[in-house]
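Q: Encoded as structure tokens, here's the structure I'll be asking about.
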Amino acid sequence: MKIAMFMLFFVCNMFTVLIMRFAYESNYRYNNGMLIGVHIPGDHVNDDDVTRLMTRFKKRMKYFQNINVVLSIAICFLNFVNIIIFVIMYTIWILVFVCGIMYIQLSAHRKMYLIKVQNGWFVESQKQKVFIDTRACANADATPISFRYHIIIIAAELLALIPFYSWTDRAYFSMIIVFAICTVIVSVFGFVFHIYMNRRQNQAYSLNSDINNIVNLTMKKYIASAMLVMSLLNFVAWITFVLMCIIQDTVGDLSFWMYIILQLLSGCTLTVILILARNRKNEMLKADTQPVFVDDDDYWKTGFYYNPNDPHLFVPDRLCSTNYSLNYARTGAKIFTGSITAVTLGLLIWTTIVLIPYIHVTIDIRTTDSTVNVSSCGYTSRINIDDITEITLMDSLPDDHFFRYNGGATESYLVGKFKGNTYGKCNLYIFNDVSPVLMIKTADQTVFLNSKKDGEIVNLYNTIKDK
């Protein structure tokens, strides 16, 4: 299991670092009259200030990315030390990595804009101008691929749940519902974004309306294809998971990993198609002899788009052409960003607080004249001895396909709230491969527990029996 986890996150980390490197690499080149998202006159691209800033920017970005390649590999090895430490460190790393990339980009962009301001490299007639091609806008509804195919995919994903309603292994039903929800969310996202791209107003890249129509139609075709392929592979991952669960009559490790691998394939395919779309767009625009020049850098001077005159909430990102940015002159953009930031930080803090007790798991068993109190990692069971209806000393935990719905489960321990096929909802305080195991049952709860302390469970069993 640990080897599989290592390989999975190793591949994910390499993929993440390489995608980040490739996505922002175009900022190194003078493209569409811009360097790092700032319009610079062609005859000033090799000026000392510009060259010095670009050299420093490339060096910082390369240095930062190389360090993170090493860190991303090193963090994977923490999986063999402690899974909880690994999860916490991985979460912190990915957050710092993304924020670091953004900081280096935005810092260089703002410095380049400052150089432009200091040198007065503005074309006043084009400053803050918005160019609109009415002929291209009139063809905005001309879309090559219908978004309705997503409806068929989403319906098929929901229909795949039907076999599980009569499934005998009910303990894993909640887990299957979670997988189904995640699958449908991905497909719904593809569906909504496909609709948005199909109905989005065409952009003006050239004074030639025919070129604008071709570029916009090509981009819509690529992005629509990317959304459909993503949804389709997402569906394949879900159906593979469903079939393997039915064949195995349980949610096994193989079905879980197949789902994850196919979802990674979906993400890789999406990325490749978007990269091809960007390259194709650049090829067509390079051949254009009548490009549109609009110096709208004032709207991007902070690295974020702020244009009160633009009604759009989402706009193509200046620093990454395969991405989209928000128009922060719109109240919705501020609410959206604030909400996402608050939720992300809240989840990070909450996850860290919840996981810290699992770094070193202990099971505390305390008895009084009338109660048995068991606690571990924030979970507590208080058992009145007089209410006990059954107590059994076992060699090991019963093989009841226990499914964790609130707690922690690793190769070393099972702690928290679980559900079994026979025993139903239970509280488990179990170190794996530790014997004996004590089952205590009352009318309200069933508790399984053991201890690494020699004789503690046997003594507890005898104490309860004597009473």
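By convention here, the chains of the structure tokens are called A, B, ... in the order presented, each chain's residues are numbered starting at 1, and ligands are numbered starting at 1 in the order presented.
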Can you list, as number ranges by chain, every residue of range 170-399 of chain A that DSSP puts in strand (DSSP E)?

A: A: 314-316, 324-326, 364-367, 371-376, 379-384, 388-394

Q: Which residues, written as number ranges by chain, have at least one atom at most 12 Å from range 316-321 of chain A, with only C-alpha atoms counted and residues fewer than 6 positions away on the same chain left out?

A: A: 19-29, 31-32, 34-39, 101-110, 197, 200, 202-203, 219, 274-279, 281-282, 296-297, 299-306, 327

Q: Excluding Ile85 in chain A and any residue of its chain fewer than 6 positions from it, enumerate the residues within 8 Å of it, using only C-alpha atoms, and give them as a list of chain:residue names.

A: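 With the cut-off at 8 Å, the set is A:Leu78, A:Asn79, A:Ile359.
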
Q: Between CA of Val251 in chain A and CA of Leu348 in chain A, what is the distance, to one decimal in Å?

A: 28.0 Å

Q: Range 254-268 of chain A: which residues within 8 Å, counting only C-alpha atoms, same-chain residues fewer than 5 positions away excluded, as a PyMOL selection string?

A: chain A and resi 12+229-230+233-234+236-238+240-241+244-245

Q: With C-alpha atoms kept, could you save the residues just selected as a short mmCIF file (atom, residue, chain, number, x, y, z; two decimals), in the first residue's frame?

A:
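The resulting file, again-v1.cif, is reproduced below:
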data_model
loop_
_atom_site.label_atom_id
_atom_site.label_comp_id
_atom_site.auth_asym_id
_atom_site.auth_seq_id
_atom_site.Cartn_x
_atom_site.Cartn_y
_atom_site.Cartn_z
CA CYS A 12 1.32 13.49 -9.41
CA VAL A 229 -12.84 14.00 -23.23
CA MET A 230 -12.42 14.88 -19.55
CA LEU A 233 -12.62 9.57 -19.12
CA ASN A 234 -14.17 10.56 -15.80
CA VAL A 236 -14.75 5.48 -17.73
CA ALA A 237 -13.01 5.77 -14.34
CA TRP A 238 -16.36 5.58 -12.54
CA THR A 240 -14.41 0.76 -14.10
CA PHE A 241 -14.73 1.35 -10.36
CA MET A 244 -14.67 -3.94 -10.19
CA CYS A 245 -16.72 -3.42 -7.01
#
